[in-house]
There are 4 protein chains.
Amino acid sequence: MIDRYSISPIKDIWTLEAQYNRWLEVELAVIEAFEQLNIAPQGTALEARQKAKIDVEKILETEKVVDHDVIAFIKVVTEYMGDAARYFHMGLTSSDVVDTANALAIKRAGELIEKELDNYINSLKKLALKHKYTVIVGRTHGVHAEPTSFGLKILSFVSESERNKERLEKAIFDISQGKISGAVGNYANLDPQVEEIALRKLELRPCKVSTQVVPRDLHAEFFSVLALIGASIERFAIEIRHLQKTEVLEVEEPFKKGQRGSSAMPHKKNPILCERLTGMSRMLRSYVSAAYENISLWHERDISHSSVERVFMTDATILAYYMLNKANFLASNLVVHEDAMKENIEKSYNLVYSQRVLLKLVEKGFSREEAYELVQKYAMKAWDQKKNFKDLLSQESRILENLSQEEFEELFSPQYYLRNIEAIFNRFDFSYL
Amino acid sequence: MIDRYSISPIKDIWTLEAQYNRWLEVELAVIEAFEQLNIAPQGTALEARQKAKIDVEKILETEKVVDHDVIAFIKVVTEYMGDAARYFHMGLTSSDVVDTANALAIKRAGELIEKELDNYINSLKKLALKHKYTVIVGRTHGVHAEPTSFGLKILSFVSESERNKERLEKAIFDISQGKISGAVGNYANLDPQVEEIALRKLELRPCKVSTQVVPRDLHAEFFSVLALIGASIERFAIEIRHLQKTEVLEVEEPFKKGQRGSSAMPHKKNPILCERLTGMSRMLRSYVSAAYENISLWHERDISHSSVERVFMTDATILAYYMLNKANFLASNLVVHEDAMKENIEKSYNLVYSQRVLLKLVEKGFSREEAYELVQKYAMKAWDQKKNFKDLLSQESRILENLSQEEFEELFSPQYYLRNIEAIFNRFDFSYL
Amino acid sequence: MIDRYSISPIKDIWTLEAQYNRWLEVELAVIEAFEQLNIAPQGTALEARQKAKIDVEKILETEKVVDHDVIAFIKVVTEYMGDAARYFHMGLTSSDVVDTANALAIKRAGELIEKELDNYINSLKKLALKHKYTVIVGRTHGVHAEPTSFGLKILSFVSESERNKERLEKAIFDISQGKISGAVGNYANLDPQVEEIALRKLELRPCKVSTQVVPRDLHAEFFSVLALIGASIERFAIEIRHLQKTEVLEVEEPFKKGQRGSSAMPHKKNPILCERLTGMSRMLRSYVSAAYENISLWHERDISHSSVERVFMTDATILAYYMLNKANFLASNLVVHEDAMKENIEKSYNLVYSQRVLLKLVEKGFSREEAYELVQKYAMKAWDQKKNFKDLLSQESRILENLSQEEFEELFSPQYYLRNIEAIFNRFDFSYL
Amino acid sequence: MIDRYSISPIKDIWTLEAQYNRWLEVELAVIEAFEQLNIAPQGTALEARQKAKIDVEKILETEKVVDHDVIAFIKVVTEYMGDAARYFHMGLTSSDVVDTANALAIKRAGELIEKELDNYINSLKKLALKHKYTVIVGRTHGVHAEPTSFGLKILSFVSESERNKERLEKAIFDISQGKISGAVGNYANLDPQVEEIALRKLELRPCKVSTQVVPRDLHAEFFSVLALIGASIERFAIEIRHLQKTEVLEVEEPFKKGQRGSSAMPHKKNPILCERLTGMSRMLRSYVSAAYENISLWHERDISHSSVERVFMTDATILAYYMLNKANFLASNLVVHEDAMKENIEKSYNLVYSQRVLLKLVEKGFSREEAYELVQKYAMKAWDQKKNFKDLLSQESRILENLSQEEFEELFSPQYYLRNIEAIFNRFDFSYL
């Protein structure tokens, strides 16, 4: 991933050095298991740990000769390891190390991502709570529908994000599986107990069945969830972009002091962060198909998944982290123009109340069809002639005959639309904020 | 594809009967080639043509036994064919028939699609021409940028569609390749001349190299182009959806008499057709990855592409046709509110002229930086205080000192932004409309 | 979906009639809730149920006028409903009906799919159990690695499928959410209790937050899981296709009596079913990206998801069902050539035992590096000269000096590689088969 | 893109410094156009060129304040530019610079990729030519079909790659479009002649219509072609992987001296490069959907495409280059075992000649059906009993009665299958190699 989007701490997971360190972690956990099972003499693990030396440059040099990264790693790391070296990687195949280490990496990346997701959820909750009773027009098909609460709009992102949190937790749990089962997954040269002990030390679980590798549906699941998180942020970003359109301008992305929106047009304040997030979601989504294609490996494995994962594991986790980090910034600092929300409702000639009129007429004994036709007639007239729907209706005899003045007036109140907001908010826990 | 989106004539290409007819077309063209090369006696082709009988039900019945659609087809079609039957499918492998017939089908579908594309382009051109000098605010990042012409906006779809037409023509040309080269593409049992003659009759060309099948990169190319066409219509649909938003309302999708926008809200006029087209583009896009995955067949072929193509060849061509048909309807019947376009420009406090002021100041000797800062300062003030940018500027001493009243006034004219529209329109041919 | 792949009962879910019936189910459940809450008089629901009439043709006719499917449905269904009609769809928006009914449809489709998945898992388990101790060579990178058990190979599909079952159950649970929350999801004209009661009757749960629609991440999740199931079957199909290659021929897809493999080559027995399944997985995978793109709807909803879902909901569920049905057939009827498995191991000159020799040498005091180089030297010689690795080694002095004859012989036994198979199988429950 | 896959010279295109240099190239070309049109005084361009200073670190620093990369670039580059600075970026919008510079970058990347594609094609041609008459069994569905030529197999990759070359050339031509048309593409503050002159200097063409940006269908087209190239290499890689399977072993990926195939199994020689390439094609394919989603920008542009392109433009071009470079290495150094090809044909009991027998019988007066059934009967017997098809047939009376011994023998000759190879090769130009 390019520097521009790589933030610490997530990016530190993906350095070569960090990778070699994880490989060493796995190899040492196996030696500890050997000790515990009396396969290796007491003290071997300690000796291995003390004498292991990771020299990134040297490993890369060696790889050029042997054309195999794990073998290069072993050669360099065990060079001065003395007797302990014989237990190093003993009975293991490269994928025992690489895939178990990958599980560690993805799990840790997942945990960092979850933390940012938590932050984002909390900021959204605060925003939702603050605007629980802020009236905004609800829009369907991009067209004014009925009044609603801006807080409720935000709450839908809370709800989606909570689902994503649950999915992420499941995916982290599922990806926390390693394998120390040897070349074709049958423990030919390793006792299953070695795997059990070593993985427990690493806080991973053994796969119920592995081949040479950990099955790739687990990875596909994990990266699907990242794409779902991306899509949810995309939805949030697109909502803001819509609300920031010049004619609407109900919210604004925070605009930094000194910031410039355009090299040509000094007046511009553009929702560029939201647009950036929108684009990033496309990337996260695109990685999913590669992750799915990685599942069908040949026989006990082919290594075609590896080049793919070298690219997208890094990129997808870094992008997801970046997106959540920025989405949290947006949710925390969003500029909200409540007045504009109020003004905008007016722009549709009171048509947003059409259903209430319809339902009231039905209540008064009209058939649904009659009521619909009556209301639609005046609604279309209001649109076409840019006249106020309420005014037009107020002169219609069928209204006058059936509704009292008070009843009629009452139909055009935005507050009515918020009467069940409390019930919805009660489904969420805000107490810990 | 579901009935709802299947329009004639494109859907008629994909009936089982039409498919068997194409298979027969190919088989007969081969027999004609046999005759021409004196491999079969004169009159064989005629006899075969007259006695061939396509009985869809019977073929399906037979397929249940032999589990092979082409063999079932041959059995049934040649049942009463007499002597000519021995030349029927002689030396051919099923894919000679199926893939050549598929080329015919896709080519014909492509030609139908191209006709709709032409209609769409022409309607767009008319719309562009009509609104060549209709002023509308140009929007970048969803925010008012500078005035432009609504016709120019439409012209960008013309231009994109003309590129797509060129791509489609290339793709149709490329897909017009058949193969009569036998089981593994080496003409073991067939003279290459048979292929040449038969395909010429079918108005196809031979692949330079075929395996058992026509190479699938050709199909991938074709279906990529459909997805590009889809994406272009999606862009058009999204533009309309934006312009139809209640606060903007510069254009409207045609709304039929009797139509109802919502079961709940009688006032609603929603751009549902545009939304439908937006969604369909997602489908067309999604088929591309399947088409690409079809390329890497094993050795001289495996048949994994077949189930995929049975679904997406039909679906993608039908959807593309439907989309163009409806996009043409939209372009021909779009409701345009020129007055709203004019009014909306006003909504941004004359800020759309900020660059002109900037450039004028630079012309008057300001450094770019000075000018930018001056203009941005008043621009931000205009936004924040909802004041008119022009009014604010008119009291700034640095403006007063450097610009005459006339010069100043002249900066705030939308017409200025249309002075090069003619030059752009001149790049296109409208003469034939 | 095309007829060819549409099997009952799953296809019956997706008829127009079934859809209208589900819509009616939802509308009636709401009326029942009205009754229970004393919003409608007792008996209304019964009257509505008895008088409701679904006339598919008439609804389609009406839709042509009103250009809205739900409104057309209501018009026709309530035509002779009498008084109950006023409570029909009262306060609802179309999506309350459509999305809730979709939840019913997908849930039911999911349950049918799960049943087939169960069948597939059970057949795989039986196959695994039967071949628990059948030796086959494990292959990594397509190259002989070490001996393993054919049953274990199959068990990896069991394990993956059990994960998919768990995912499917979660996805079915998650998709079992409807909404009766009105035009913008704020229960403006409906008590939240109506939703609660109506959905409970339908065995669904209310969304914690809905907009006009049920949030689309739920659908994306569901269809991702179908693609994972597809990918797992693809892996199974590819495994069989590999094992059926002429040079390997360890298993064969069942070949029906009377079946013909090729119209040209009478000798052919091709794994066409496996190839078909391979292709179908590409389709399922491709739908995922469309499902993900559906998530970011505008504001309280736009309807762009609808055209997409009309196509892929049907197609994806039907394909997934078909694939599982056929995969189950394959797993139940696979032709297994144990003798060929034994013979094929021999084809790699005993090289599959190289790691055991390596580890034995390390055990005898060699450094890992020394041992690797010694073994690799003879391994390459065996490959290059097509000589038996064991024979070559048996004359190497360093072997002779360090290993007894018995120790040496013991290294070349395939049984050794199965000693931990039992431990792996014990992780699964076979008792209920 | 990760270092591991980034090779010079393609990676040098994508450094930040190279990017700023391209931006400067564009800005200077515009100033030159200003001079030529007497908008700027003579000598301005020279002064600007001499005094422009690209300081990467300082630009990045400045960007942190202004939050806009082009503005930061302009500030730093023009800092010591003196009078020429006023003509720098005058009337331009950022995208005039960025998109035109991107066109330069992609065009140049495309040209580098094309060179590698040429190398790959040439190596494939040499390989094809060398093995024009090397007999190998053709395989369909993974199963022996009929004999063919290994050179022909390779020629199918030549043919596909030549198509890709043509596509790439078209895509490079199409992407070679810049825009200097200002903020919303209407040349409000710039004469169209400026664009014409400046782009000609840069060897680019103007878009017929641009918005604020160059239309993204051009990029989608370009990156689709890279994915097609990737898919073709994937097909090549998968072919090799199949042919290198232990039981087949007709070709081998070059194995370097000192290379190690497995950390566990010293005997392993794995086609890891081919597997790597297989995986990379998945990445290239996945970028396509992101590129397609980039097309539908809002109005005169939104910047959502930018974050996507920052990632995939770099990654896709680098991967495509790497893949071609390695594919060329493979094609040039492939180890071919002609003897194994010969031996493998034998493994199918002479069944590969079944069609010839069938056709001969038809020639002798059998009906197609009779002949098919006779041949299939013996073919199945040969498979099932592992007996030689020729031997079995030789005792069948209907054969004895209709074919002379010589005629019968002649049916089982692999050479027969190569008789039209020359005709296919003649369709290609090998003369320049």
# chains A, B, ... in the order shown; residues from 1 in each chain; ligands from 1
>>> select_by_dssp(residues="range 88-274 of chain C", states="helix (DSSP H, G or I)", output="ChimeraX atom specification")
/C:94-130,150-175,192-201,217-243,272-274
>>> interface_residues(of="chain C", to="chain B", cutoff="7 Å", atoms="only C-alpha atoms", output="PyMOL selection string")
chain C and resi 1-2+65-68+71+91-94+183+258-260+263-264+272+275-276+278-280+282-283+286-287+289-290+302-308+311
>>> write_last_selection(atoms="N, CA and C atoms", output="compact mmCIF listing (two decimals), in the first residue's frame")
# COMPACT_ATOMS: atom_id res chain seq x y z
N MET C 1 -33.28 -17.46 -13.97
CA MET C 1 -32.33 -18.56 -14.28
C MET C 1 -32.92 -19.46 -15.36
N ILE C 2 -32.05 -19.96 -16.20
CA ILE C 2 -32.50 -20.82 -17.27
C ILE C 2 -33.07 -22.13 -16.73
N VAL C 65 -50.25 0.24 -16.34
CA VAL C 65 -50.81 1.58 -16.19
C VAL C 65 -50.12 2.37 -15.08
N VAL C 66 -50.06 1.77 -13.90
CA VAL C 66 -49.58 2.55 -12.75
C VAL C 66 -48.06 2.53 -12.62
N ASP C 67 -47.42 1.66 -13.37
CA ASP C 67 -45.97 1.57 -13.39
C ASP C 67 -45.38 1.36 -11.99
N HIS C 68 -46.03 0.55 -11.21
CA HIS C 68 -45.61 0.31 -9.82
C HIS C 68 -46.19 -1.04 -9.44
N ILE C 71 -48.44 -1.27 -6.07
CA ILE C 71 -49.74 -0.61 -6.20
C ILE C 71 -50.67 -1.44 -7.09
N GLY C 91 -51.04 2.61 6.07
CA GLY C 91 -49.85 3.14 6.73
C GLY C 91 -48.55 2.50 6.28
N LEU C 92 -48.67 1.56 5.36
CA LEU C 92 -47.46 0.86 4.90
C LEU C 92 -46.88 1.55 3.67
N THR C 93 -45.63 1.34 3.47
CA THR C 93 -45.01 1.73 2.21
C THR C 93 -44.68 0.42 1.48
N SER C 94 -44.57 0.50 0.19
CA SER C 94 -44.37 -0.73 -0.59
C SER C 94 -43.25 -1.60 -0.04
N ALA C 183 -42.59 4.75 5.47
CA ALA C 183 -41.92 5.32 4.31
C ALA C 183 -40.45 5.65 4.52
N GLY C 258 -25.40 -45.26 -21.53
CA GLY C 258 -26.00 -44.55 -22.67
C GLY C 258 -25.40 -43.17 -22.90
N GLN C 259 -24.68 -42.69 -21.90
CA GLN C 259 -24.08 -41.36 -22.01
C GLN C 259 -22.99 -41.34 -23.08
N ARG C 260 -22.83 -40.20 -23.73
CA ARG C 260 -21.77 -40.06 -24.70
C ARG C 260 -20.90 -38.87 -24.32
N SER C 263 -19.05 -35.84 -29.38
CA SER C 263 -19.69 -36.14 -30.65
C SER C 263 -18.67 -36.65 -31.66
N ALA C 264 -17.40 -36.39 -31.40
CA ALA C 264 -16.35 -36.81 -32.34
C ALA C 264 -15.62 -38.05 -31.88
N ILE C 272 -17.69 -33.81 -17.04
CA ILE C 272 -18.42 -32.59 -17.43
C ILE C 272 -19.23 -31.99 -16.30
N GLU C 275 -16.93 -29.90 -14.34
CA GLU C 275 -16.62 -28.68 -15.07
C GLU C 275 -17.77 -27.68 -14.99
N ARG C 276 -18.98 -28.23 -15.10
CA ARG C 276 -20.15 -27.36 -15.00
C ARG C 276 -20.19 -26.65 -13.65
N THR C 278 -17.68 -26.09 -11.71
CA THR C 278 -16.58 -25.12 -11.67
C THR C 278 -17.04 -23.79 -12.25
N GLY C 279 -17.69 -23.85 -13.39
CA GLY C 279 -18.16 -22.62 -14.02
C GLY C 279 -19.19 -21.90 -13.17
N MET C 280 -20.10 -22.68 -12.60
CA MET C 280 -21.17 -22.05 -11.82
C MET C 280 -20.64 -21.26 -10.63
N ARG C 282 -18.10 -19.51 -10.66
CA ARG C 282 -17.74 -18.17 -11.18
C ARG C 282 -18.96 -17.25 -11.17
N MET C 283 -20.11 -17.80 -11.54
CA MET C 283 -21.33 -16.97 -11.52
C MET C 283 -21.63 -16.53 -10.09
N SER C 286 -19.44 -13.88 -9.05
CA SER C 286 -19.63 -12.59 -9.70
C SER C 286 -20.81 -11.82 -9.11
N TYR C 287 -21.82 -12.56 -8.63
CA TYR C 287 -22.97 -11.85 -8.04
C TYR C 287 -22.58 -11.08 -6.78
N SER C 289 -20.14 -9.09 -6.11
CA SER C 289 -19.79 -7.67 -6.25
C SER C 289 -21.03 -6.83 -6.47
N ALA C 290 -22.00 -7.37 -7.21
CA ALA C 290 -23.26 -6.64 -7.37
C ALA C 290 -23.97 -6.47 -6.03
N ASP C 302 -32.60 4.35 -2.34
CA ASP C 302 -32.99 4.49 -3.72
C ASP C 302 -33.29 3.08 -4.18
N ILE C 303 -33.88 2.93 -5.33
CA ILE C 303 -34.35 1.59 -5.70
C ILE C 303 -33.42 0.89 -6.68
N SER C 304 -32.18 1.37 -6.75
CA SER C 304 -31.24 0.77 -7.71
C SER C 304 -30.94 -0.70 -7.39
N HIS C 305 -31.10 -1.09 -6.13
CA HIS C 305 -30.85 -2.49 -5.78
C HIS C 305 -31.86 -3.43 -6.40
N SER C 306 -33.02 -2.90 -6.75
CA SER C 306 -34.14 -3.78 -7.08
C SER C 306 -33.92 -4.56 -8.37
N SER C 307 -33.51 -3.88 -9.44
CA SER C 307 -33.31 -4.61 -10.69
C SER C 307 -32.21 -5.66 -10.52
N VAL C 308 -31.20 -5.30 -9.76
CA VAL C 308 -30.11 -6.24 -9.50
C VAL C 308 -30.64 -7.48 -8.79
N VAL C 311 -32.70 -10.10 -10.55
CA VAL C 311 -31.90 -11.07 -11.30
C VAL C 311 -31.13 -12.01 -10.37
>>> select_by_dssp(residues="range 120-231 of chain B", states="strand (DSSP E)", output="mmCIF file with N, CA and C atoms, in the first residue's frame")
data_model
loop_
_atom_site.group_PDB
_atom_site.id
_atom_site.type_symbol
_atom_site.label_atom_id
_atom_site.label_comp_id
_atom_site.auth_asym_id
_atom_site.auth_seq_id
_atom_site.Cartn_x
_atom_site.Cartn_y
_atom_site.Cartn_z
ATOM 1 N N VAL B 135 -27.816 27.545 -19.961
ATOM 2 C CA VAL B 135 -26.836 27.652 -18.866
ATOM 3 C C VAL B 135 -27.249 26.789 -17.681
ATOM 4 N N ILE B 136 -26.291 26.094 -17.164
ATOM 5 C CA ILE B 136 -26.496 25.293 -15.951
ATOM 6 C C ILE B 136 -25.217 25.427 -15.144
ATOM 7 N N VAL B 137 -25.333 25.268 -13.854
ATOM 8 C CA VAL B 137 -24.096 25.359 -13.087
ATOM 9 C C VAL B 137 -23.326 24.039 -13.219
ATOM 10 N N GLY B 138 -22.043 24.141 -13.489
ATOM 11 C CA GLY B 138 -21.205 22.950 -13.465
ATOM 12 C C GLY B 138 -20.902 22.601 -12.022
ATOM 13 N N ARG B 139 -20.938 21.312 -11.710
ATOM 14 C CA ARG B 139 -20.737 20.903 -10.315
ATOM 15 C C ARG B 139 -19.572 19.924 -10.228
ATOM 16 N N THR B 140 -18.640 20.242 -9.384
ATOM 17 C CA THR B 140 -17.574 19.280 -9.116
ATOM 18 C C THR B 140 -17.618 18.974 -7.634
ATOM 19 N N VAL B 143 -20.452 20.152 -5.666
ATOM 20 C CA VAL B 143 -20.523 21.550 -5.227
ATOM 21 C C VAL B 143 -20.477 22.459 -6.451
ATOM 22 N N HIS B 144 -21.192 23.541 -6.408
ATOM 23 C CA HIS B 144 -21.145 24.483 -7.523
ATOM 24 C C HIS B 144 -19.711 24.837 -7.881
ATOM 25 N N ALA B 145 -19.411 24.764 -9.170
ATOM 26 C CA ALA B 145 -18.079 25.132 -9.621
ATOM 27 C C ALA B 145 -18.181 26.382 -10.491
ATOM 28 N N GLU B 146 -18.470 26.209 -11.777
ATOM 29 C CA GLU B 146 -18.613 27.362 -12.657
ATOM 30 C C GLU B 146 -19.758 27.088 -13.620
ATOM 31 N N PRO B 147 -20.324 28.128 -14.197
ATOM 32 C CA PRO B 147 -21.419 27.912 -15.146
ATOM 33 C C PRO B 147 -20.927 27.144 -16.371
ATOM 34 N N THR B 148 -21.828 26.409 -16.932
ATOM 35 C CA THR B 148 -21.502 25.694 -18.166
ATOM 36 C C THR B 148 -22.794 25.511 -18.954
ATOM 37 N N SER B 149 -22.743 24.692 -19.991
ATOM 38 C CA SER B 149 -23.925 24.506 -20.821
ATOM 39 C C SER B 149 -24.504 23.121 -20.586
ATOM 40 N N GLN B 177 -15.808 -14.827 -35.217
ATOM 41 C CA GLN B 177 -14.880 -15.878 -35.577
ATOM 42 C C GLN B 177 -15.442 -17.222 -35.155
ATOM 43 N N GLY B 178 -15.467 -18.115 -36.099
ATOM 44 C CA GLY B 178 -15.905 -19.459 -35.786
ATOM 45 C C GLY B 178 -14.735 -20.414 -35.868
ATOM 46 N N ARG B 205 -15.312 -15.397 -39.726
ATOM 47 C CA ARG B 205 -13.933 -15.690 -40.119
ATOM 48 C C ARG B 205 -13.396 -16.826 -39.259
ATOM 49 N N PRO B 206 -12.420 -17.583 -39.764
ATOM 50 C CA PRO B 206 -11.800 -18.616 -38.921
ATOM 51 C C PRO B 206 -10.873 -17.985 -37.884
#
>>> atom_distance(atom1="CA of Phe408 in chain A", atom2="CA of Leu190 in chain C")
19.4 Å
>>> residues_around(residues="range 37-48 of chain C", least_positions_apart="5", cutoff="9 Å", atoms="only C-alpha atoms", output="list in words")
Leu28, Ala29, Val30, Ile31, Glu32, Thr78, Met81, Gly82, Asp83, Ala84, Ala85, Tyr87, Phe88, Gln193 and Val194 of chain C
>>> closest_residue(among="B:Lys269, B:Lys326, B:Pro414, B:Val214", to="Leu351 in chain A", atoms="only C-alpha atoms")
B:Lys269
>>> closest_residue(among="A:Glu253, A:Val98, A:Glu160, A:Asn122", to="Ile180 in chain A", atoms="only C-alpha atoms")
A:Val98
>>> closest_residue(among="D:Val209, D:Val76, D:Leu155, D:Ala105", to="Val56 in chain D", atoms="only C-alpha atoms")
D:Val76
>>> residues_around(residues="range 357-366 of chain A", least_positions_apart="2", cutoff="7 Å", atoms="only C-alpha atoms", output="MDAnalysis selection string")
(chainID A and resid 353:355 368 370:372 375 402 411) or (chainID C and resid 91)
>>> write_last_selection(atoms="C-alpha atoms", output="PDB file, in the first residue's frame")
ATOM      1  CA  TYR A 353     -47.280  15.471   4.458  1.00  0.00           C
ATOM      2  CA  SER A 354     -49.249  13.845   1.659  1.00  0.00           C
ATOM      3  CA  GLN A 355     -49.438  10.437   3.262  1.00  0.00           C
ATOM      4  CA  ARG A 368     -57.943   4.111  -0.210  1.00  0.00           C
ATOM      5  CA  GLU A 370     -60.463   7.759  -3.638  1.00  0.00           C
ATOM      6  CA  ALA A 371     -58.128   9.239  -1.093  1.00  0.00           C
ATOM      7  CA  TYR A 372     -55.053   8.437  -3.174  1.00  0.00           C
ATOM      8  CA  VAL A 375     -54.255  13.638  -2.751  1.00  0.00           C
ATOM      9  CA  ASN A 402     -64.513  16.117   6.427  1.00  0.00           C
ATOM     10  CA  LEU A 411     -51.542  17.148   9.667  1.00  0.00           C
TER      11      LEU A 411
ATOM     12  CA  GLY C  91     -49.851   3.142   6.731  1.00  0.00           C
TER      13      GLY C  91
END
